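Colleague: Encoded as structure tokens, here's the structure I'll be asking about.
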Amino acid sequence: MCGIAGALGFDGSPVRPAAIRAMTDALTHRGPDEGAVRMLSVGDRHRPPVVGLGHRRLRVVDLTPAAAQPMTDGAERGWLSYNGELYNAPELRAELRGRGVAFRSRSDTEVVLQALLTWGTEALPRFNGMFALAFWDALRNRLLLARDRFGEKPLYYAHRRDRLLFASELGALPCHGGLSLSLDDEAVEIYLALGYVPAPWSIYREVRKLPHGAFLLAEPGGTVRIERYYRLEERLERGAPSDPAQAVRAALAAAVGRRLQADVPLGAFLSGGIDSTAIVTLMGPMVSPPLHTYSMAVPELGYFDESSRARATSRRLGTEHHQIDIDARRLQEEIPTVFDRLDEPFADSSALATSIVAREARRDLTVALSGDGGDEIFGGYRLLRALSAHRLLRRLPARPRKLLAGMLRLLPSRHGGGAAGLVQKARKLLDGLTPELAAQHAAWIAICDRSARTLLRPGAADHGLAEGVIEERYRRFAGSGGARTLAVEVDLPLADDMLVKVDRTSMRHALEVRAPFLDPDLVEMALSLPESAHVSALSGKRLLRHALHGLVPEAILRAPKRGFEVPVGHWMTGPLAGLYRDVTDSRALRGLPGADPATAARWFAEHGARRADHGRALWALFAFCWWFRGPRARHARAAQFLDDSSSEVTVFRRSEG
């Protein structure tokens with residue numbers, strides 16, 4: 001896994017090597033093993049360079065210099081800077097060899113390079129993997145940028161009048177210089193609704209994210225166009241297999257096998273839930289022992305803790321298990337580490353724990369398999385059941401519905417997860433009682449309601465942009481059949497929230513994470529089936545549970561879903577109150593263009609008095625203010641509230657006990 005960066009100058013505008021080097025150096029954490037920059041000219045190589053490609057490498061497959069990047073073929077027909085893993089590289093290598101292509105390395109990078117030289121953009125739908133790439137086509141004098149189908153690897157770009165800039169992370173782009181970093185009001189509005197900024201937006205007006213499953217072509221004359229090469233909605237017309245459960249199990253086993261290609265230590269995250277247990281069980285016969293597995297335990301948050309199941313699975317399979325015990329203080333101490341590496345405001349609190357586990361895993365591993373994507377494609381979250389409840393509640397006459405809503409608003413909100421949030425969930429159900437499925441979906445997942453999204457822009461109208469983003473997805477999948485709501489989940493929160501969290505927190509520690517559940521064959525098969533195949537009124541993952549019968553213990557298959565979410569609602573009025581007030585005080589908010597300190601103070605007071613549960617909204621505001629005020633100041637203020645006696649991370653190893 002790696003980091004890429006670069007620039008293309010328009011109309012002969014030269015690109016400075018020092019600028020490309022600075023952008024590339026900002027990505028060293030993604031590729032600590034080596035780095036290189038290549039400057040290229042159009043036509044006569046003695047002309048000033050108009051193309052700069054930078055690369056930071058994390059050696060995973062073929063550790064020799066033959067796999068170094070930026071990479072070219074023997075005739076220098078093209079140059080590639082690539083971040084990713086191509087899981088079907090062996091098959092494509094064999095096909096290209098049949099066409100007379102000679103290879104100089106064992107790396108998947110060279111397979112990507114030769115495929116692009118052979119098939120151009122038609123190579124992209126052939127790739128089964130996670131990637132972001134920049135390819136300079138010297139024969140056609142054009143730059144190709146592309147991302148994988150589901151958004152596992154990031155790619156930001158800035159299309160300026162004189163040049164195009166790109167990088168794996170937004171924070172590398174300002175290192176080039178000359179970039180305007182004015183806030184995008186639309187992105188701020190969407191962030192306050194969803195807790196993240198989805199593609200194609202970024203938090204800055206001049207920077208955009210390349211959508212997943214898309215490519216960008218740019219020419220030195222200034223022409224830039226973006227196209228989608230992969231449309232999930234067009235892949236959901238396949239017929240159902242005769243035995244869906246058997247087909248799912250076979251596809252998952254094949255996906256795990258494809259993701260075991262590595263010349264470095266490889267292990268897995270093992271939470272104790274269905275997804276990770278299935279992956280580790282399938283890995284067992286395919287890898288040489290010992291297989292290292294990692295889980296976290298948060299005794300303070302017992303309703304999220306699945307560590308006992310993870311330990312039982314480890315004993316059953318004989319893995320070398322590492323249990324990372326985390327307390328609330330340790331999670332709080334992780335705030336600077338995580339927030340200072342996130343280039344945009346990001347309100348997914350589980351990133352704190354993911355970062356800690358990734359750091360510990362990196363002590364032994366370079367690659368880890370994870371269960372990411374299993375909940376989205378098989379219906380593990382409560383969303384579908386909530387939408388079913390919406391349909392039932394809408395059958396009630398208006399008067400009883402209004403009476404029920406009033407009674408719920410009189411009850412105190414309780415902070416936390418599990419059963420403690422039932423009142424808040426019931427309120428969300430009643431607030432979202434509209435006929436439109438997309439609007440119901442938006443109401444259920446919203447962090448802030450529309451009246452509150454002007455917090456950072458008082459006086460500005462709320463345009464319902466987040467609702468529009470969700471509605472656009474529903475329109476796209478309207479005629480595709482299959483599990484439409486799950487497809488929306490894959491296309492939006494999985495790509496722009498979950499996978500962003502995994503990429504930033506793991507690559508911060510130079511750990512590559514691979515997700516077998518995101519194999520295209522498995523995703524397309526699962527989402528081609530109706531939602532009723534996945535979710536009942538009482539439980540999710542019906543098909544997956546059936547598919548894993550006999551492979552995963554029944555106790556795990558029958559256990560309820562226990563996702564992980566940091567109890568930020570409790571923290572805001574407890575151990576984090578001092579830091580929260582300092583980061584979001586009225587002086588800090590006045591530094592934001594047009595922010596409204598009075599509304600923020602009212603939220604905090606209502607939350608503290610338990611008149612309303614504003615926990616997620618307050619955390620979103622906290623994350624935004626932390627990001628806005630800059631890393632140096634963030635570190636200094638955090639130190640005021642966290643003394644030097646940091647709590648240790650305890651690692652439990654199976655052999656010890």
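Within each chain, counting starts at residue 1; across the structure tokens, chains are named A, B, ... in the order shown, with ligands numbered 1 upward in that order.
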Can you pull out the residues contacting A:Arg225? Cut-off 10 Å, using only C-alpha atoms, and skip same-chain residues under 5 positions away; I want them as a PyMOL selection string.
Modeller: chain A and resi 215-219
Colleague: Give me the residues within 9 Å of stretch 141-145 of chain A as a ChimeraX atom specification, counting only C-alpha atoms and dropping any in the same chain fewer than 4 places off.
Modeller: /A:8,42-43,51,121,132-137,155,166,210,214-220
Colleague: Output as a ChimeraX atom specification all residues of stretch 15-67 of chain A that backbone DSSP marks as helix (DSSP H, G or I).
Modeller: /A:17-25,28-30,65-67
Colleague: I want to know what sits within 8 Å of stretch 258-272 of chain A, based on only C-alpha atoms, with residues of the same chain fewer than 2 positions away left out; could you give that as a PyMOL selection string?
Modeller: chain A and resi 59-63+87-88+254-256+274+276-277+280+287+291-296+306-311+313+364-371+514+516+556
Colleague: Applying 12 Å and only C-alpha atoms, which residues near A:Arg126 remain after dropping the ones on its own chain fewer than 5 positions away? List them as a PDB file with N, CA and C atoms, in the first residue's frame.
Modeller:
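The resulting file, result-v5.pdb, is reproduced below:
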```pdb
ATOM      1  N   LEU A  86      -3.884  -5.510  -6.550  1.00  0.00           N
ATOM      2  CA  LEU A  86      -4.683  -6.099  -7.621  1.00  0.00           C
ATOM      3  C   LEU A  86      -4.788  -7.600  -7.351  1.00  0.00           C
ATOM      4  N   TYR A  87      -5.959  -8.051  -6.933  1.00  0.00           N
ATOM      5  CA  TYR A  87      -6.099  -9.429  -6.481  1.00  0.00           C
ATOM      6  C   TYR A  87      -6.164 -10.434  -7.628  1.00  0.00           C
ATOM      7  N   ASN A  88      -6.543  -9.998  -8.814  1.00  0.00           N
ATOM      8  CA  ASN A  88      -6.534 -10.904  -9.959  1.00  0.00           C
ATOM      9  C   ASN A  88      -5.307 -10.676 -10.840  1.00  0.00           C
ATOM     10  N   ALA A  89      -4.233 -10.186 -10.237  1.00  0.00           N
ATOM     11  CA  ALA A  89      -2.993  -9.974 -10.991  1.00  0.00           C
ATOM     12  C   ALA A  89      -2.475 -11.253 -11.653  1.00  0.00           C
ATOM     13  N   GLU A  91      -4.068 -13.818 -12.946  1.00  0.00           N
ATOM     14  CA  GLU A  91      -4.830 -14.107 -14.157  1.00  0.00           C
ATOM     15  C   GLU A  91      -4.530 -13.101 -15.262  1.00  0.00           C
ATOM     16  N   LEU A  92      -4.465 -11.822 -14.921  1.00  0.00           N
ATOM     17  CA  LEU A  92      -4.168 -10.804 -15.934  1.00  0.00           C
ATOM     18  C   LEU A  92      -2.742 -10.927 -16.441  1.00  0.00           C
ATOM     19  N   ARG A  93      -1.811 -11.284 -15.566  1.00  0.00           N
ATOM     20  CA  ARG A  93      -0.430 -11.482 -15.992  1.00  0.00           C
ATOM     21  C   ARG A  93      -0.350 -12.593 -17.044  1.00  0.00           C
ATOM     22  N   GLU A  95      -2.762 -13.609 -19.022  1.00  0.00           N
ATOM     23  CA  GLU A  95      -3.401 -13.154 -20.258  1.00  0.00           C
ATOM     24  C   GLU A  95      -2.487 -12.223 -21.044  1.00  0.00           C
ATOM     25  N   VAL A 111       1.646  -5.377 -13.562  1.00  0.00           N
ATOM     26  CA  VAL A 111       0.461  -5.892 -14.259  1.00  0.00           C
ATOM     27  C   VAL A 111      -0.491  -4.740 -14.583  1.00  0.00           C
ATOM     28  N   VAL A 112      -0.708  -3.836 -13.622  1.00  0.00           N
ATOM     29  CA  VAL A 112      -1.560  -2.672 -13.869  1.00  0.00           C
ATOM     30  C   VAL A 112      -0.986  -1.828 -15.001  1.00  0.00           C
ATOM     31  N   ALA A 115      -1.386  -3.605 -18.354  1.00  0.00           N
ATOM     32  CA  ALA A 115      -2.802  -3.649 -18.731  1.00  0.00           C
ATOM     33  C   ALA A 115      -3.252  -2.298 -19.286  1.00  0.00           C
ATOM     34  N   LEU A 116      -2.824  -1.201 -18.645  1.00  0.00           N
ATOM     35  CA  LEU A 116      -3.190   0.134 -19.136  1.00  0.00           C
ATOM     36  C   LEU A 116      -2.546   0.422 -20.480  1.00  0.00           C
ATOM     37  N   TRP A 119      -4.737  -2.036 -22.919  1.00  0.00           N
ATOM     38  CA  TRP A 119      -6.176  -1.834 -23.102  1.00  0.00           C
ATOM     39  C   TRP A 119      -6.644  -0.411 -22.815  1.00  0.00           C
ATOM     40  N   GLY A 120      -5.783   0.463 -22.334  1.00  0.00           N
ATOM     41  CA  GLY A 120      -6.201   1.815 -21.994  1.00  0.00           C
ATOM     42  C   GLY A 120      -7.222   1.805 -20.866  1.00  0.00           C
ATOM     43  N   THR A 121      -8.220   2.683 -20.936  1.00  0.00           N
ATOM     44  CA  THR A 121      -9.223   2.753 -19.870  1.00  0.00           C
ATOM     45  C   THR A 121     -10.096   1.502 -19.809  1.00  0.00           C
ATOM     46  N   ASP A 148     -10.793   2.570  -7.440  1.00  0.00           N
ATOM     47  CA  ASP A 148     -11.432   1.259  -7.474  1.00  0.00           C
ATOM     48  C   ASP A 148     -12.954   1.373  -7.415  1.00  0.00           C
ATOM     49  N   ARG A 149     -13.605   0.233  -7.580  1.00  0.00           N
ATOM     50  CA  ARG A 149     -15.070   0.209  -7.757  1.00  0.00           C
ATOM     51  C   ARG A 149     -15.846   0.719  -6.547  1.00  0.00           C
ATOM     52  N   GLY A 213     -15.133   4.083  -8.653  1.00  0.00           N
ATOM     53  CA  GLY A 213     -15.616   3.517  -9.901  1.00  0.00           C
ATOM     54  C   GLY A 213     -15.557   4.477 -11.062  1.00  0.00           C
ATOM     55  N   TYR A 229     -16.529   4.149 -14.973  1.00  0.00           N
ATOM     56  CA  TYR A 229     -16.267   2.911 -15.690  1.00  0.00           C
ATOM     57  C   TYR A 229     -16.990   1.727 -15.050  1.00  0.00           C
ATOM     58  N   TYR A 230     -17.498   1.941 -13.828  1.00  0.00           N
ATOM     59  CA  TYR A 230     -18.201   0.862 -13.131  1.00  0.00           C
ATOM     60  C   TYR A 230     -19.501   1.414 -12.565  1.00  0.00           C
ATOM     61  N   PRO A 520     -15.950  -7.907  -5.913  1.00  0.00           N
ATOM     62  CA  PRO A 520     -17.090  -7.577  -6.791  1.00  0.00           C
ATOM     63  C   PRO A 520     -18.057  -8.725  -7.001  1.00  0.00           C
TER      64      PRO A 520
END
```
Colleague: I'd like the neighbourhood of A:Asp33 as a ChimeraX atom specification, where a residue qualifies if any of its atoms comes within 12 Å (using only C-alpha atoms), though same-chain residues fewer than 4 positions away should be ignored.
Modeller: /A:1-3,27-29,55-60,63-65,68-69,366,510
Colleague: Can you write just those residues out, N, CA and C atoms, as a PDB file, in the first residue's frame?
Modeller:
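The file below, again38.pdb, is the result:
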```
ATOM      1  N   MET A   1       0.851  -1.184   0.000  1.00  0.00           N
ATOM      2  CA  MET A   1       0.000   0.000   0.000  1.00  0.00           C
ATOM      3  C   MET A   1       0.878   1.222   0.000  1.00  0.00           C
ATOM      4  N   CYS A   2       0.407   2.303  -0.574  1.00  0.00           N
ATOM      5  CA  CYS A   2       1.290   3.418  -0.875  1.00  0.00           C
ATOM      6  C   CYS A   2       0.536   4.741  -0.837  1.00  0.00           C
ATOM      7  N   GLY A   3       1.275   5.802  -1.172  1.00  0.00           N
ATOM      8  CA  GLY A   3       0.694   7.120  -1.362  1.00  0.00           C
ATOM      9  C   GLY A   3       1.157   7.672  -2.684  1.00  0.00           C
ATOM     10  N   LEU A  27       3.101  12.316   2.367  1.00  0.00           N
ATOM     11  CA  LEU A  27       2.447  11.007   2.389  1.00  0.00           C
ATOM     12  C   LEU A  27       3.377   9.907   2.883  1.00  0.00           C
ATOM     13  N   THR A  28       4.467  10.277   3.530  1.00  0.00           N
ATOM     14  CA  THR A  28       5.455   9.289   3.967  1.00  0.00           C
ATOM     15  C   THR A  28       4.853   8.227   4.872  1.00  0.00           C
ATOM     16  N   HIS A  29       3.877   8.600   5.706  1.00  0.00           N
ATOM     17  CA  HIS A  29       3.262   7.621   6.600  1.00  0.00           C
ATOM     18  C   HIS A  29       2.566   6.503   5.836  1.00  0.00           C
ATOM     19  N   HIS A  55       5.669   9.169  -5.548  1.00  0.00           N
ATOM     20  CA  HIS A  55       5.223   7.909  -4.982  1.00  0.00           C
ATOM     21  C   HIS A  55       5.919   7.627  -3.663  1.00  0.00           C
ATOM     22  N   ARG A  56       5.149   7.170  -2.676  1.00  0.00           N
ATOM     23  CA  ARG A  56       5.681   6.642  -1.417  1.00  0.00           C
ATOM     24  C   ARG A  56       5.278   5.179  -1.327  1.00  0.00           C
ATOM     25  N   ARG A  57       6.248   4.311  -1.073  1.00  0.00           N
ATOM     26  CA  ARG A  57       6.009   2.875  -1.168  1.00  0.00           C
ATOM     27  C   ARG A  57       6.007   2.176   0.180  1.00  0.00           C
ATOM     28  N   LEU A  58       4.992   1.332   0.365  1.00  0.00           N
ATOM     29  CA  LEU A  58       4.961   0.342   1.432  1.00  0.00           C
ATOM     30  C   LEU A  58       5.121  -1.006   0.738  1.00  0.00           C
ATOM     31  N   ARG A  59       6.244  -1.666   0.933  1.00  0.00           N
ATOM     32  CA  ARG A  59       6.523  -2.911   0.220  1.00  0.00           C
ATOM     33  C   ARG A  59       5.630  -4.032   0.748  1.00  0.00           C
ATOM     34  N   VAL A  60       4.870  -4.656  -0.164  1.00  0.00           N
ATOM     35  CA  VAL A  60       3.968  -5.748   0.197  1.00  0.00           C
ATOM     36  C   VAL A  60       4.172  -6.956  -0.712  1.00  0.00           C
ATOM     37  N   LEU A  63       9.399  -7.334  -2.985  1.00  0.00           N
ATOM     38  CA  LEU A  63      10.059  -6.324  -2.160  1.00  0.00           C
ATOM     39  C   LEU A  63      11.315  -5.770  -2.803  1.00  0.00           C
ATOM     40  N   THR A  64      11.612  -6.171  -4.039  1.00  0.00           N
ATOM     41  CA  THR A  64      12.854  -5.785  -4.711  1.00  0.00           C
ATOM     42  C   THR A  64      12.716  -4.420  -5.384  1.00  0.00           C
ATOM     43  N   PRO A  65      13.862  -3.815  -5.781  1.00  0.00           N
ATOM     44  CA  PRO A  65      13.801  -2.537  -6.513  1.00  0.00           C
ATOM     45  C   PRO A  65      13.073  -2.637  -7.846  1.00  0.00           C
ATOM     46  N   ALA A  68       9.777  -0.885  -7.745  1.00  0.00           N
ATOM     47  CA  ALA A  68       9.735   0.508  -7.301  1.00  0.00           C
ATOM     48  C   ALA A  68       8.898   1.355  -8.258  1.00  0.00           C
ATOM     49  N   GLN A  69       8.375   2.443  -7.725  1.00  0.00           N
ATOM     50  CA  GLN A  69       7.559   3.378  -8.507  1.00  0.00           C
ATOM     51  C   GLN A  69       8.072   4.806  -8.319  1.00  0.00           C
ATOM     52  N   THR A 366       2.126  -6.377   8.322  1.00  0.00           N
ATOM     53  CA  THR A 366       2.045  -5.309   7.330  1.00  0.00           C
ATOM     54  C   THR A 366       0.688  -5.316   6.641  1.00  0.00           C
ATOM     55  N   ALA A 510       0.915   2.725   8.573  1.00  0.00           N
ATOM     56  CA  ALA A 510       1.495   1.935   7.480  1.00  0.00           C
ATOM     57  C   ALA A 510       1.039   0.480   7.534  1.00  0.00           C
TER      58      ALA A 510
END
```
Colleague: Skip A:Phe103 itself and residues of its chain fewer than 3 positions away, then list as a PDB file with C-alpha atoms, in the first residue's frame all residues within 9 Å of it, counting only C-alpha atoms.
Modeller:
```pdb
ATOM      1  CA  ASP A  73       7.969  -0.192 -19.269  1.00  0.00           C
ATOM      2  CA  ARG A  93      -0.430 -11.482 -15.992  1.00  0.00           C
ATOM      3  CA  ARG A  97       1.921 -12.884 -21.409  1.00  0.00           C
ATOM      4  CA  ARG A 106       6.503 -10.109  -9.707  1.00  0.00           C
ATOM      5  CA  GLU A 110       3.620  -3.970 -13.379  1.00  0.00           C
ATOM      6  CA  VAL A 111       0.461  -5.892 -14.259  1.00  0.00           C
ATOM      7  CA  GLN A 114       0.989  -3.316 -18.811  1.00  0.00           C
TER       8      GLN A 114
END
```
Colleague: Could you pull out the residues in stretch 220-286 of chain A that DSSP calls strand (DSSP E) from the backbone, as a list of chain:residue names?
Modeller: A:Val224, A:Arg225, A:Ile226, A:Glu227, A:Arg228, A:Leu266, A:Gly267, A:Ala268, A:Phe269
Colleague: From the set A:Arg104, A:Arg473, A:His509, A:Arg450, which residue has the shortest atom-to-atom contact distance to A:Arg359, counting only C-alpha atoms?
Modeller: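 Nearest to A:Arg359: A:His509.
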Colleague: Quick one: pull the distance between atom CA of A:Ala495 and atom CA of A:Pro174, Å, one decimal.
Modeller: 24.1 Å
Colleague: I'd like to know which of A:Met39, A:Ile470, A:Ala240, A:Ala358 is closest to A:Met507, using only C-alpha atoms.
Modeller: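 Selected residue with least distance to A:Met507: A:Ala358.
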Colleague: Rank A:Ala67, A:Ala19, A:Met286, A:Leu352 by their smallest atom-to-atom distance to A:Gly178, using only C-alpha atoms, and report the top residue only.
Modeller: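 Going through A:Ala67, A:Ala19, A:Met286, A:Leu352 one by one, the smallest distance to A:Gly178 is for A:Ala19.
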Colleague: Could you check which of A:Glu76, A:Asp613, A:Glu467, A:Glu85 is closest to A:Ile190, using only C-alpha atoms?
Modeller: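 For A:Ile190, the nearest of the candidates is A:Glu467.
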Colleague: To one decimal place in Å, what is the distance between atom CA of A:Ala515 and atom CA of A:Phe150?
Modeller: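 A separation of 10.9 Å between them.
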Colleague: Which of these residues is nearest to A:His614, using only C-alpha atoms: A:Ala361, A:Ile447, A:Val50, A:Val298?
Modeller: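 Going through A:Ala361, A:Ile447, A:Val50, A:Val298 one by one, the smallest distance to A:His614 is for A:Ile447.
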Colleague: Work out how far atom CA of A:Arg249 is from atom CA of A:Glu489, in Å to one decimal.
Modeller: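 Interatomic distance here is 21.8 Å.
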